[in-house]
Each structure stands twice: as structure tokens, then as C-alpha cells.
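To be precise, the following lines are protein-v1.pdb, and they hold PDB, C-alpha atoms.
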```pdb
MODEL        1
ATOM      1  CA  MET D   1      48.382  36.168 -43.840
ATOM      2  CA  LYS D   2      47.816  32.430 -44.197
ATOM      3  CA  LEU D   3      49.783  29.824 -46.118
ATOM      4  CA  PHE D   4      47.590  27.081 -47.618
ATOM      5  CA  VAL D   5      49.723  24.132 -48.725
ATOM      6  CA  GLY D   6      48.449  21.193 -50.742
ATOM      7  CA  LEU D   7      50.548  18.035 -50.708
ATOM      8  CA  GLY D   8      51.016  15.819 -53.728
ATOM      9  CA  ASN D   9      53.473  14.753 -56.383
ATOM     10  CA  PRO D  10      53.998  16.897 -59.490
ATOM     11  CA  GLY D  11      53.311  15.711 -63.012
ATOM     12  CA  ARG D  12      50.437  14.302 -65.008
ATOM     13  CA  ALA D  13      51.253  10.693 -64.054
ATOM     14  CA  TYR D  14      50.408  11.408 -60.404
ATOM     15  CA  ALA D  15      47.474  13.786 -60.878
ATOM     16  CA  GLY D  16      44.723  11.280 -60.033
ATOM     17  CA  ASN D  17      46.546   9.539 -57.167
ATOM     18  CA  ARG D  18      45.015   9.285 -53.696
ATOM     19  CA  HIS D  19      48.271  10.832 -52.402
ATOM     20  CA  ASN D  20      47.450  13.974 -54.432
ATOM     21  CA  ILE D  21      44.165  14.928 -52.803
ATOM     22  CA  GLY D  22      45.971  17.857 -51.142
ATOM     23  CA  PHE D  23      46.753  19.267 -54.596
ATOM     24  CA  MET D  24      43.124  18.664 -55.595
ATOM     25  CA  ALA D  25      41.861  20.636 -52.574
ATOM     26  CA  ILE D  26      44.129  23.593 -53.356
ATOM     27  CA  ASP D  27      43.007  23.545 -56.996
ATOM     28  CA  ALA D  28      39.372  23.741 -55.843
ATOM     29  CA  ILE D  29      40.189  26.724 -53.598
ATOM     30  CA  LEU D  30      42.007  28.480 -56.447
ATOM     31  CA  ARG D  31      38.958  28.056 -58.693
ATOM     32  CA  ARG D  32      36.565  29.529 -56.131
ATOM     33  CA  TYR D  33      38.407  32.574 -54.786
ATOM     34  CA  PRO D  34      40.222  35.521 -56.383
ATOM     35  CA  PHE D  35      43.808  34.317 -56.814
ATOM     36  CA  ALA D  36      46.522  35.359 -59.223
ATOM     37  CA  PRO D  37      47.661  32.596 -61.603
ATOM     38  CA  LEU D  38      50.005  29.980 -60.193
ATOM     39  CA  ARG D  39      53.663  30.637 -60.962
ATOM     40  CA  ALA D  40      56.928  28.903 -60.167
ATOM     41  CA  ARG D  41      58.143  30.032 -56.732
ATOM     42  CA  PHE D  42      59.540  28.467 -53.555
ATOM     43  CA  GLN D  43      60.341  25.176 -55.297
ATOM     44  CA  GLY D  44      56.668  24.880 -56.095
ATOM     45  CA  GLN D  45      53.687  26.538 -57.751
ATOM     46  CA  ALA D  46      52.376  29.481 -55.738
ATOM     47  CA  ALA D  47      49.610  32.049 -56.053
ATOM     48  CA  GLU D  48      48.556  35.019 -53.942
ATOM     49  CA  GLY D  49      44.903  35.761 -53.315
ATOM     50  CA  ALA D  50      42.196  36.179 -50.717
ATOM     51  CA  VAL D  51      39.854  33.811 -48.918
ATOM     52  CA  GLY D  52      37.139  35.809 -47.213
ATOM     53  CA  GLY D  53      38.891  38.775 -45.657
ATOM     54  CA  GLU D  54      42.219  36.972 -45.282
ATOM     55  CA  ARG D  55      45.227  37.268 -47.564
ATOM     56  CA  VAL D  56      46.317  33.744 -48.519
ATOM     57  CA  ILE D  57      49.318  32.248 -50.281
ATOM     58  CA  ALA D  58      48.401  28.952 -51.954
ATOM     59  CA  LEU D  59      51.322  26.584 -52.506
ATOM     60  CA  LYS D  60      51.741  23.263 -54.300
ATOM     61  CA  PRO D  61      55.317  22.020 -53.747
ATOM     62  CA  THR D  62      56.897  20.519 -56.846
ATOM     63  CA  THR D  63      59.744  18.878 -54.919
ATOM     64  CA  PHE D  64      57.892  15.546 -54.761
ATOM     65  CA  MET D  65      56.133  14.556 -51.559
ATOM     66  CA  ASN D  66      59.170  13.448 -49.554
ATOM     67  CA  ASP D  67      60.836  16.870 -49.849
ATOM     68  CA  SER D  68      57.761  19.077 -49.411
ATOM     69  CA  GLY D  69      59.303  20.779 -46.387
ATOM     70  CA  ARG D  70      61.929  22.554 -48.484
ATOM     71  CA  SER D  71      59.201  24.358 -50.426
ATOM     72  CA  VAL D  72      57.012  25.097 -47.387
ATOM     73  CA  GLY D  73      59.957  26.362 -45.354
ATOM     74  CA  GLU D  74      61.065  28.699 -48.123
ATOM     75  CA  ALA D  75      57.593  30.233 -48.497
ATOM     76  CA  ALA D  76      57.036  30.521 -44.749
ATOM     77  CA  ARG D  77      60.365  32.295 -44.219
ATOM     78  CA  TYR D  78      59.844  34.645 -47.158
ATOM     79  CA  TYR D  79      56.449  35.814 -45.896
ATOM     80  CA  LYS D  80      57.355  35.455 -42.171
ATOM     81  CA  ILE D  81      54.286  33.266 -41.599
ATOM     82  CA  GLU D  82      53.984  31.690 -38.151
ATOM     83  CA  LEU D  83      53.133  28.005 -37.696
ATOM     84  CA  PRO D  84      49.484  28.520 -36.585
ATOM     85  CA  ASP D  85      48.870  30.342 -39.895
ATOM     86  CA  ILE D  86      50.188  27.456 -42.023
ATOM     87  CA  LEU D  87      47.544  24.933 -43.144
ATOM     88  CA  VAL D  88      48.624  21.730 -44.854
ATOM     89  CA  PHE D  89      46.023  19.755 -46.827
ATOM     90  CA  HIS D  90      46.957  16.075 -47.083
ATOM     91  CA  ASP D  91      45.690  12.538 -47.527
ATOM     92  CA  GLU D  92      45.011  10.604 -44.317
ATOM     93  CA  LEU D  93      45.014   6.794 -44.240
ATOM     94  CA  ASP D  94      43.596   6.659 -40.716
ATOM     95  CA  LEU D  95      40.330   8.384 -41.644
ATOM     96  CA  ALA D  96      37.559   6.757 -43.661
ATOM     97  CA  PRO D  97      37.097   8.005 -47.224
ATOM     98  CA  GLY D  98      35.293  11.343 -47.278
ATOM     99  CA  ARG D  99      35.956  12.150 -43.628
ATOM    100  CA  LEU D 100      38.001  15.151 -42.555
ATOM    101  CA  ARG D 101      39.704  16.397 -39.403
ATOM    102  CA  VAL D 102      41.722  19.511 -38.621
ATOM    103  CA  LYS D 103      44.413  19.313 -35.970
ATOM    104  CA  ILE D 104      47.500  21.181 -34.820
ATOM    105  CA  GLY D 105      50.754  19.276 -34.555
ATOM    106  CA  GLY D 106      50.811  15.646 -33.505
ATOM    107  CA  GLY D 107      52.498  12.663 -35.103
ATOM    108  CA  ASN D 108      53.056  12.242 -38.807
ATOM    109  CA  ALA D 109      51.794   8.636 -38.959
ATOM    110  CA  GLY D 110      54.348   7.650 -41.576
ATOM    111  CA  HIS D 111      53.348  10.463 -43.959
ATOM    112  CA  ASN D 112      56.612  11.516 -45.582
ATOM    113  CA  GLY D 113      55.292  14.896 -46.705
ATOM    114  CA  LEU D 114      54.348  15.845 -43.151
ATOM    115  CA  ARG D 115      57.627  14.484 -41.812
ATOM    116  CA  SER D 116      59.570  16.655 -44.249
ATOM    117  CA  ILE D 117      57.576  19.769 -43.329
ATOM    118  CA  SER D 118      58.066  19.166 -39.592
ATOM    119  CA  GLU D 119      61.823  18.798 -40.159
ATOM    120  CA  HIS D 120      61.964  22.174 -41.916
ATOM    121  CA  ILE D 121      59.576  24.390 -39.939
ATOM    122  CA  GLY D 122      58.636  22.547 -36.738
ATOM    123  CA  ASN D 123      55.586  20.456 -35.914
ATOM    124  CA  ASP D 124      52.862  22.830 -34.721
ATOM    125  CA  TYR D 125      51.292  23.813 -38.027
ATOM    126  CA  ARG D 126      47.645  23.038 -38.824
ATOM    127  CA  ARG D 127      46.848  19.868 -40.744
ATOM    128  CA  VAL D 128      43.686  19.385 -42.783
ATOM    129  CA  ARG D 129      43.503  15.584 -42.805
ATOM    130  CA  ILE D 130      41.445  14.307 -45.737
ATOM    131  CA  GLY D 131      40.469  10.677 -45.260
ATOM    132  CA  ILE D 132      41.246   8.250 -48.075
ATOM    133  CA  GLY D 133      40.841   5.037 -46.062
ATOM    134  CA  HIS D 134      43.385   2.276 -45.521
ATOM    135  CA  PRO D 135      43.978  -0.725 -47.786
ATOM    136  CA  GLY D 136      43.938  -3.004 -44.715
ATOM    137  CA  ASP D 137      47.547  -4.151 -44.835
ATOM    138  CA  LYS D 138      50.561  -1.887 -44.249
ATOM    139  CA  ASP D 139      52.440  -3.693 -47.023
ATOM    140  CA  LEU D 140      49.830  -2.416 -49.489
ATOM    141  CA  VAL D 141      49.982   1.243 -48.422
ATOM    142  CA  HIS D 142      52.668   2.421 -50.876
ATOM    143  CA  ASP D 143      50.851   1.133 -53.954
ATOM    144  CA  TYR D 144      47.480   2.233 -52.562
ATOM    145  CA  VAL D 145      48.385   5.904 -52.081
ATOM    146  CA  LEU D 146      50.191   6.052 -55.433
ATOM    147  CA  SER D 147      47.219   4.572 -57.288
ATOM    148  CA  ASN D 148      44.449   6.631 -58.839
ATOM    149  CA  PHE D 149      41.083   7.026 -57.193
ATOM    150  CA  GLY D 150      38.785   4.279 -58.453
ATOM    151  CA  LYS D 151      35.586   5.057 -60.344
ATOM    152  CA  ALA D 152      33.526   4.550 -57.185
ATOM    153  CA  GLU D 153      35.758   6.997 -55.265
ATOM    154  CA  ILE D 154      35.845   9.920 -57.679
ATOM    155  CA  GLU D 155      32.428  11.208 -56.615
ATOM    156  CA  TRP D 156      33.307  11.650 -52.953
ATOM    157  CA  ALA D 157      36.835  12.904 -53.746
ATOM    158  CA  VAL D 158      35.443  15.694 -55.917
ATOM    159  CA  ALA D 159      32.676  16.403 -53.389
ATOM    160  CA  ILE D 160      35.042  16.838 -50.452
ATOM    161  CA  CYS D 161      37.404  19.101 -52.400
ATOM    162  CA  GLU D 162      34.496  21.298 -53.465
ATOM    163  CA  ALA D 163      33.202  21.375 -49.872
ATOM    164  CA  ILE D 164      36.666  22.354 -48.617
ATOM    165  CA  ALA D 165      36.750  25.230 -51.093
ATOM    166  CA  ALA D 166      33.204  26.358 -50.314
ATOM    167  CA  ASN D 167      34.015  26.569 -46.591
ATOM    168  CA  ALA D 168      37.666  27.654 -46.686
ATOM    169  CA  GLU D 169      36.789  31.021 -45.131
ATOM    170  CA  PHE D 170      36.240  29.226 -41.811
ATOM    171  CA  LEU D 171      39.798  27.873 -42.003
ATOM    172  CA  ALA D 172      41.220  31.263 -42.928
ATOM    173  CA  GLU D 173      39.461  32.760 -39.897
ATOM    174  CA  GLY D 174      40.724  30.046 -37.536
ATOM    175  CA  GLN D 175      37.295  28.461 -37.031
ATOM    176  CA  ASP D 176      38.492  24.885 -37.449
ATOM    177  CA  ALA D 177      35.618  23.198 -35.577
ATOM    178  CA  SER D 178      33.018  25.048 -37.651
ATOM    179  CA  PHE D 179      34.914  24.101 -40.813
ATOM    180  CA  GLN D 180      34.907  20.410 -39.858
ATOM    181  CA  ASN D 181      31.176  20.466 -39.168
ATOM    182  CA  LYS D 182      30.437  22.209 -42.461
ATOM    183  CA  ILE D 183      32.403  19.563 -44.366
ATOM    184  CA  PHE D 184      30.600  16.724 -42.581
ATOM    185  CA  LEU D 185      27.190  18.227 -43.388
ATOM    186  CA  ALA D 186      28.160  18.940 -46.999
ATOM    187  CA  MET D 187      29.346  15.368 -47.473
ATOM    188  CA  GLN D 188      26.124  13.985 -45.990
ATOM    189  CA  GLU D 189      24.082  16.217 -48.276
ATOM    190  CA  SER D 190      26.114  15.071 -51.276
ATOM    191  CA  GLY D 191      25.059  11.493 -50.583
ATOM    192  CA  THR D 192      28.684  10.318 -50.691
ATOM    193  CA  LEU D 193      29.165   9.898 -46.914
ATOM    194  CA  ASP D 194      27.589   7.266 -44.689
ATOM    195  CA  GLU D 195      25.494   8.409 -41.728
ATOM    196  CA  GLY D 196      27.398   8.735 -38.488
ATOM    197  CA  SER D 197      29.129  11.172 -36.198
ATOM    198  CA  PRO D 198      31.492  13.749 -37.680
TER     199      PRO D 198
ENDMDL
END
```
Please express what this file holds, its structure, as C-alpha cells.
Amino acid sequence: MKLFVGLGNPGRAYAGNRHNIGFMAIDAILRRYPFAPLRARFQGQAAEGAVGGERVIALKPTTFMNDSGRSVGEAARYYKIELPDILVFHDELDLAPGRLRVKIGGGNAGHNGLRSISEHIGNDYRRVRIGIGHPGDKDLVHDYVLSNFGKAEIEWAVAICEAIAANAEFLAEGQDASFQNKIFLAMQESGTLDEGSP
């Protein structure tokens, strides 16, 4: 069993924020695969379903970003899911918009959602880092991540979430490198990603 966690802040006011692209990715996965409806569980919204041949729990914490670990820890303990089977989808300032990397563990780079999760379950879970770019000045980061995607950004944001959903079976099967390559190719084909190495 896998636990797919999307990070974001709950409520309509935050729905279009850059910080909520993890929620957007989970929503795209829920639309594509056979999942039960989301319901209130584990201090979040959770649904059980399948991605490829893998049973998956999809989770959107409703604790607000800074306390995401409480929700993730509760779900992981309930289902006895080990860290390598937990995948956290989140916004990444240090990747260009529309780029994606998967990694295990590592630093949290000031991301309060990741910091909270590491405090509650440990650090060696899998992170699906979805690039949103950096505003160029660390003093601008807070307002940047809590602002909505601009009109010019919506196209690639939707494209990458749909590509994540279309290729989520690779993640569920532990084929992270293949997943990354599929996303890079899909983004190139969508015309929303500049040429370059993955």
C-alpha cells in the first residue's frame, strides 16, 4: 500500500495558490483513477483507491501547511505504511516552473509542510518536488507562494498535474526515474516547458 499526500492549505481562498500545487496534483490523480470519494479522516480529506495494481490512500491534510505532519503521521500509523511507501507532492522553489524531481529524504529547504512531516514520521519518505520557480528575493517568498498562479502560469501548472496523474503508476511501482522522464517528455510535448535536460 502507498500513501500519496498532497500539500496545500485548505479553503477556497488558497485553492489557486502556488503553495497548493500538491493538492492540485492529488486532485488530478483522483480524477484519473478509481478512488472512493474523499471523506474527512486523519485531520484531512482521504480516499482509498488504486493506481495501476497498487492500493493507494490519497490524503490532503486540512491542518494547514505548517501542521501537515499531524495528518500524515496519523494516516501512516493507521495503515502501518513505511516511509519508502509515502509520497509527498509539494511545491519546490528551487526548481524552475514546470520541472519535477523525485527524491528520498534530504533537507526541507525552509518548506514548513515538509518540516512538519519529518518531525512526525522521520525524514526518509519520498518527495515529488514540483517546481514553481523562485521570486528572486527570499523576502518575497512568503507572498509569492501564497499568491495565485498568474495567467501565464496556469497552462503549465495544469499540464504538469495532468502529466503526474497520467504517469502515477510509475510512482506507485517505485519507478521514480521513469516517472521523472515521462513528466519531462510530457511537459515538452505540451509546449509549456523550455528545451533542456530533465
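The residue that comes closest to D:Ile26, out of D:Ser116, D:Glu189, D:Glu162, D:Ile154 and on the basis of all atoms listed in the file, is D:Glu162.
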I need the residue nearest D:Val145 from this list: D:Asn17, D:Asn9, D:Asn66, D:Thr192. Use all atoms listed in the file for the distance. D:Asn17
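Computed from the coordinates, the atom CA of D:Ile86 to atom CA of D:Tyr125 distance equals 5.5 Å.
Counting all atoms listed in the file, the residue from D:Ala109, D:Ala152, D:Ile29, D:Leu3 that sits nearest to D:Leu87 is D:Leu3.
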Could you pull the residues within 12 Å of D:Gly110, counting all atoms listed in the file, minus those fewer than 6 positions along the same chain, as an MDAnalysis selection string? chainID D and resid 66 91:94 116 138 141:142
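Distances to D:Ile21 were evaluated for D:Arg129, D:His90, D:His120, D:Lys80 using only C-alpha atoms, and the minimum falls at D:His90.
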Find the residues near D:Phe64: any atom within 12 Å, counting only C-alpha atoms, skip ones fewer than 5 places away on the same chain, and give them as a ChimeraX atom specification. /D:6-11,14,19-20,23,43-44,69-71,112-113,116
Selected residue of minimal separation from D:Phe89 among D:Val158, D:Ala40, D:Ile130, D:Leu140, counting all atoms listed in the file: D:Ile130
Residues of stretch 55-153 of chain D within 12 Å of stretch 176-185 of chain D: nearest atom pair and distance (Å, one decimal) for each, counting all atoms listed in the file, sorted by chain and number, as a Markdown table?
```
| residue | atom | partner | partner_atom | distance |
| --- | --- | --- | --- | --- |
| D:Pro84 | CA | D:Asp176 | CA | 11.6 |
| D:Asp85 | CA | D:Asp176 | CA | 12.0 |
| D:Leu87 | CA | D:Asp176 | CA | 10.7 |
| D:Pro97 | CA | D:Phe184 | CA | 11.8 |
| D:Gly98 | CA | D:Phe184 | CA | 8.5 |
| D:Arg99 | CA | D:Phe184 | CA | 7.1 |
| D:Leu100 | CA | D:Gln180 | CA | 6.7 |
| D:Arg101 | CA | D:Gln180 | CA | 6.3 |
| D:Val102 | CA | D:Asp176 | CA | 6.4 |
| D:Lys103 | CA | D:Asp176 | CA | 8.3 |
| D:Ile104 | CA | D:Asp176 | CA | 10.1 |
| D:Arg126 | CA | D:Asp176 | CA | 9.4 |
| D:Arg127 | CA | D:Asp176 | CA | 10.3 |
| D:Val128 | CA | D:Asp176 | CA | 9.3 |
| D:Arg129 | CA | D:Gln180 | CA | 10.3 |
| D:Ile130 | CA | D:Ile183 | CA | 10.5 |
| D:Gly131 | CA | D:Phe184 | CA | 11.9 |
```
Axis-aligned box for stretch 156-166 of chain D, 8 Å per side, centre and edges in Å as lines of an AutoDock Vina configuration file:
```
center_x = 35.0
center_y = 19.0
center_z = -52.3
size_x = 20.7
size_y = 30.7
size_z = 23.3
```
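In this model, the gap between atom CA of D:Asn108 and atom CA of D:Leu171 comes to 20.7 Å.
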Here's the selection I'm unsure about, the PyMOL selection byres ((chain D and resi 190) around 10); applied to the file above, which residues does it give, as a count of residues only? 14
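A straight line drawn from atom CA of D:Pro34 to atom CA of D:Ala75 is 19.8 Å long.
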